[in-house]
Structures are given as structure tokens and as C-alpha cells.
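One file, final-v4.cif, is given below (mmCIF, C-alpha atoms).
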```cif
data_run
loop_
_atom_site.group_PDB
_atom_site.id
_atom_site.type_symbol
_atom_site.label_atom_id
_atom_site.label_comp_id
_atom_site.auth_asym_id
_atom_site.auth_seq_id
_atom_site.Cartn_x
_atom_site.Cartn_y
_atom_site.Cartn_z
ATOM 1 C CA MET A 141 -46.892 -25.608 10.907
ATOM 2 C CA SER A 142 -47.959 -28.282 8.464
ATOM 3 C CA ILE A 143 -50.074 -31.292 9.276
ATOM 4 C CA ALA A 144 -49.651 -34.696 7.637
ATOM 5 C CA LEU A 145 -52.701 -36.919 7.898
ATOM 6 C CA ASP A 146 -53.514 -40.539 7.229
ATOM 7 C CA PRO A 147 -55.889 -40.795 4.174
ATOM 8 C CA LEU A 148 -58.746 -42.138 6.336
ATOM 9 C CA VAL A 149 -58.407 -39.228 8.754
ATOM 10 C CA ARG A 150 -58.402 -36.786 5.832
ATOM 11 C CA ALA A 151 -61.584 -38.355 4.463
ATOM 12 C CA LEU A 152 -63.412 -38.276 7.803
ATOM 13 C CA ALA A 153 -62.219 -34.903 9.088
ATOM 14 C CA PRO A 154 -64.779 -32.767 7.203
ATOM 15 C CA THR A 155 -67.605 -35.022 8.396
ATOM 16 C CA LEU A 156 -66.581 -35.516 12.011
ATOM 17 C CA GLY A 157 -64.778 -32.229 12.548
ATOM 18 C CA LEU A 158 -62.044 -31.714 15.085
ATOM 19 C CA ALA A 159 -62.995 -34.840 17.024
ATOM 20 C CA ALA A 160 -61.798 -36.986 14.102
ATOM 21 C CA LEU A 161 -58.433 -35.275 14.156
ATOM 22 C CA LEU A 162 -58.005 -35.778 17.884
ATOM 23 C CA LEU A 163 -58.966 -39.443 17.902
ATOM 24 C CA TRP A 164 -56.415 -40.731 15.382
ATOM 25 C CA PRO A 165 -52.807 -41.213 16.511
ATOM 26 C CA GLU A 166 -51.675 -40.936 12.871
ATOM 27 C CA LEU A 167 -51.911 -37.167 13.161
ATOM 28 C CA ILE A 168 -48.400 -35.810 12.786
ATOM 29 C CA VAL A 169 -47.589 -32.178 13.400
ATOM 30 C CA ALA A 170 -44.325 -30.971 11.900
ATOM 31 C CA ALA A 171 -42.742 -27.543 11.794
ATOM 32 C CA SER A 172 -42.469 -25.992 8.353
ATOM 33 C CA PRO A 173 -38.893 -25.406 7.311
ATOM 34 C CA ALA A 174 -37.925 -21.746 7.328
ATOM 35 C CA SER A 175 -36.783 -20.196 4.103
ATOM 36 C CA PRO A 176 -32.994 -20.066 3.755
ATOM 37 C CA PRO A 177 -31.241 -16.734 4.265
ATOM 38 C CA ALA A 178 -30.002 -14.718 1.291
ATOM 39 C CA SER A 179 -26.397 -15.748 0.653
ATOM 40 C CA PHE A 180 -23.508 -13.824 -0.872
ATOM 41 C CA ALA A 181 -20.157 -14.749 -2.391
ATOM 42 C CA THR A 182 -18.292 -11.888 -0.732
ATOM 43 C CA GLU A 183 -18.309 -10.324 2.691
ATOM 44 C CA LYS A 184 -18.773 -6.874 1.175
ATOM 45 C CA GLU A 185 -21.964 -7.904 -0.657
ATOM 46 C CA ALA A 186 -23.384 -9.350 2.544
ATOM 47 C CA GLU A 187 -22.522 -6.214 4.535
ATOM 48 C CA GLN A 188 -24.308 -4.038 1.969
ATOM 49 C CA HIS A 189 -27.409 -6.225 2.195
ATOM 50 C CA CYS A 190 -27.302 -6.547 5.999
ATOM 51 C CA SER A 191 -27.641 -2.902 6.951
ATOM 52 C CA GLY A 192 -27.966 -2.750 10.733
ATOM 53 C CA ASP A 193 -26.964 -6.413 11.113
ATOM 54 C CA LEU A 194 -23.735 -8.405 11.120
ATOM 55 C CA ALA A 195 -22.490 -10.409 8.155
ATOM 56 C CA VAL A 196 -21.526 -13.914 9.242
ATOM 57 C CA TRP A 197 -20.146 -16.978 7.480
ATOM 58 C CA LEU A 198 -22.671 -19.805 7.237
ATOM 59 C CA ASP A 199 -21.508 -23.390 6.827
ATOM 60 C CA LEU A 200 -24.506 -24.777 4.945
ATOM 61 C CA LEU A 201 -23.773 -28.436 5.729
ATOM 62 C CA SER A 202 -23.646 -28.000 9.496
ATOM 63 C CA ARG A 203 -26.156 -25.091 9.542
ATOM 64 C CA THR A 204 -23.693 -23.225 11.785
ATOM 65 C CA TYR A 205 -22.597 -19.613 11.381
ATOM 66 C CA TYR A 206 -19.275 -18.058 12.359
ATOM 67 C CA TYR A 207 -18.281 -14.512 13.241
ATOM 68 C CA ARG A 208 -15.342 -12.588 11.767
ATOM 69 C CA GLY A 209 -12.207 -13.580 13.657
ATOM 70 C CA GLN A 210 -13.236 -17.185 14.203
ATOM 71 C CA GLN A 211 -11.093 -19.876 12.609
ATOM 72 C CA ARG A 212 -13.775 -21.138 10.207
ATOM 73 C CA TYR A 213 -15.038 -17.696 9.130
ATOM 74 C CA GLY A 214 -14.949 -17.717 5.326
ATOM 75 C CA ALA A 215 -13.091 -21.020 5.281
ATOM 76 C CA THR A 216 -15.535 -23.933 5.124
ATOM 77 C CA LYS A 217 -16.513 -25.652 1.886
ATOM 78 C CA GLY A 218 -20.068 -25.029 0.790
ATOM 79 C CA GLY A 219 -20.463 -21.883 2.861
ATOM 80 C CA ALA A 220 -21.583 -18.337 2.130
ATOM 81 C CA TYR A 221 -21.831 -14.931 3.753
ATOM 82 C CA VAL A 222 -25.279 -14.186 5.197
ATOM 83 C CA CYS A 223 -26.953 -11.782 7.632
ATOM 84 C CA ARG A 224 -26.897 -13.048 11.216
ATOM 85 C CA ASN A 225 -30.571 -12.283 11.923
ATOM 86 C CA GLU A 226 -31.678 -13.985 8.690
ATOM 87 C CA ALA A 227 -29.598 -17.041 9.604
ATOM 88 C CA LYS A 228 -31.112 -17.156 13.111
ATOM 89 C CA GLY A 229 -34.602 -16.778 11.661
ATOM 90 C CA ALA A 230 -33.959 -19.706 9.307
ATOM 91 C CA GLY A 231 -33.039 -21.966 12.222
ATOM 92 C CA MET A 232 -29.253 -21.802 11.881
ATOM 93 C CA ARG A 233 -27.147 -21.753 15.031
ATOM 94 C CA ALA A 234 -24.076 -19.867 16.135
ATOM 95 C CA ALA A 235 -20.809 -21.752 16.424
ATOM 96 C CA PRO A 236 -20.157 -23.227 19.863
ATOM 97 C CA GLY A 237 -18.614 -20.735 22.261
ATOM 98 C CA THR A 238 -20.215 -17.668 20.639
ATOM 99 C CA GLN A 239 -23.144 -15.503 21.642
#
```
Once you've parsed the file, please lay out its structure as C-alpha cells.
Amino acid sequence: MSIALDPLVRALAPTLGLAALLLWPELIVAASPASPPASFATEKEAEQHCSGDLAVWLDLLSRTYYYRGQQRYGATKGGAYVCRNEAKGAGMRAAPGTQ
């Protein structure tokens, strides 16, 4: 997680300690973005990289992945083949109606 602080809070935090951080409402806690999964141009390349995992099609714009046999598998613009577990770990989601 990363923390974004108001300049005054940043200046006072070393002096006042944790109390300074808790007293200012400007403290914003945001999740760090996960690194994107390794992507591949072909299904075969992804399968070789994803030993023990499934290769899925990831639509990068919607951050949704599709399984082989689904209508959008390999068909969306701006997509790539990736490993399912890497996609899940990067915060991507499965297409609606899948597991």
C-alpha cells in the first residue's frame, strides 16, 4: 500500500510520530497497482510460459479475461494471451458467467 500525505502532515510526522498521521484527515491510503501479467501474441507462447496454469485471453481495456471457447477469446482489440493466475494476481477479472 502507498500513502499520500499533505505536505504539512509529512513535515510534522517525524516530530509528532503516529499521532500526527492519525489526526489529519488528509491522509489517503491507496492500494498499489499490481504489476501487469506477462502477455503473449500467440496462445502457444502463453501455454509454454503458463506451465501448470491455463492460458486465457485478456482484454486489456476492460481488464477482463476469457477462456477458450468463449465468444471473445482471442477476438477483442488490444488483447493478449496471459496466464490466468497472473491475470488474477494483477487484479483482472474473469468474464461474467465464468468461474
List as a PDB file with C-alpha atoms, keeping the file's coordinate frame the protein and nucleic acid residues near Phe180 in chain A, meaning an atom at most 12 Å away when only C-alpha atoms are counted, but skip any in the same chain fewer than 4 places from it.
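Writing done, so here's selection_29.pdb:
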```pdb
ATOM      1  CA  LYS A 184     -18.773  -6.874   1.175  1.00  0.00           C
ATOM      2  CA  GLU A 185     -21.964  -7.904  -0.657  1.00  0.00           C
ATOM      3  CA  ALA A 186     -23.384  -9.350   2.544  1.00  0.00           C
ATOM      4  CA  GLU A 187     -22.522  -6.214   4.535  1.00  0.00           C
ATOM      5  CA  GLN A 188     -24.308  -4.038   1.969  1.00  0.00           C
ATOM      6  CA  HIS A 189     -27.409  -6.225   2.195  1.00  0.00           C
ATOM      7  CA  CYS A 190     -27.302  -6.547   5.999  1.00  0.00           C
ATOM      8  CA  ALA A 195     -22.490 -10.409   8.155  1.00  0.00           C
ATOM      9  CA  VAL A 196     -21.526 -13.914   9.242  1.00  0.00           C
ATOM     10  CA  TRP A 197     -20.146 -16.978   7.480  1.00  0.00           C
ATOM     11  CA  LEU A 198     -22.671 -19.805   7.237  1.00  0.00           C
ATOM     12  CA  GLY A 214     -14.949 -17.717   5.326  1.00  0.00           C
ATOM     13  CA  GLY A 218     -20.068 -25.029   0.790  1.00  0.00           C
ATOM     14  CA  GLY A 219     -20.463 -21.883   2.861  1.00  0.00           C
ATOM     15  CA  ALA A 220     -21.583 -18.337   2.130  1.00  0.00           C
ATOM     16  CA  TYR A 221     -21.831 -14.931   3.753  1.00  0.00           C
ATOM     17  CA  VAL A 222     -25.279 -14.186   5.197  1.00  0.00           C
ATOM     18  CA  CYS A 223     -26.953 -11.782   7.632  1.00  0.00           C
TER      19      CYS A 223
END
```
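Here the PyMOL selection byres ((chain A and resi 237) around 12) captures the residues A:Thr204, A:Tyr205, A:Tyr206, A:Tyr207, A:Gln210, A:Arg233, A:Ala234, A:Ala235, A:Pro236, A:Thr238, A:Gln239.
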Write the residues of the selection above to a file with C-alpha atoms, as a short mmCIF file (atom, residue, chain, number, x, y, z; two decimals), keeping the file's coordinate frame.
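Done, and the output landed in result.cif:
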```
data_model
loop_
_atom_site.label_atom_id
_atom_site.label_comp_id
_atom_site.auth_asym_id
_atom_site.auth_seq_id
_atom_site.Cartn_x
_atom_site.Cartn_y
_atom_site.Cartn_z
CA THR A 204 -23.69 -23.22 11.78
CA TYR A 205 -22.60 -19.61 11.38
CA TYR A 206 -19.27 -18.06 12.36
CA TYR A 207 -18.28 -14.51 13.24
CA GLN A 210 -13.24 -17.18 14.20
CA ARG A 233 -27.15 -21.75 15.03
CA ALA A 234 -24.08 -19.87 16.14
CA ALA A 235 -20.81 -21.75 16.42
CA PRO A 236 -20.16 -23.23 19.86
CA THR A 238 -20.22 -17.67 20.64
CA GLN A 239 -23.14 -15.50 21.64
#
```
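Take the candidates A:Ala181, A:Met232, A:Ala227, A:Ala215 and check each one against Ser202 in chain A using only C-alpha atoms; the shortest distance goes to A:Met232.
One distance worth recording is that between CA of Asp193 in chain A and CA of Arg208 in chain A, which is 13.2 Å.
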Quick one: distance from CA of Gly192 in chain A to CA of Ala230 in chain A in Å, one decimal?
18.0 Å
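The gap separating CA of Leu201 in chain A from CA of Thr216 in chain A is 9.4 Å, in Å to one decimal.
When all atoms listed in the file are used to measure the gap to Pro176 in chain A, the shortest distance among A:Gly231, A:Asp199, A:Ser191, A:Lys217 belongs to A:Gly231.
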Report as AutoDock Vina command-line options the centre and the edge lengths, in Å to one decimal, of the axis-aligned box holding every listed atom of range 188-194 of chain A, padded by 8 Å on each side.
```
--center_x -25.9 --center_y -5.6 --center_z 6.5 --size_x 20.2 --size_y 21.7 --size_z 25.2
```
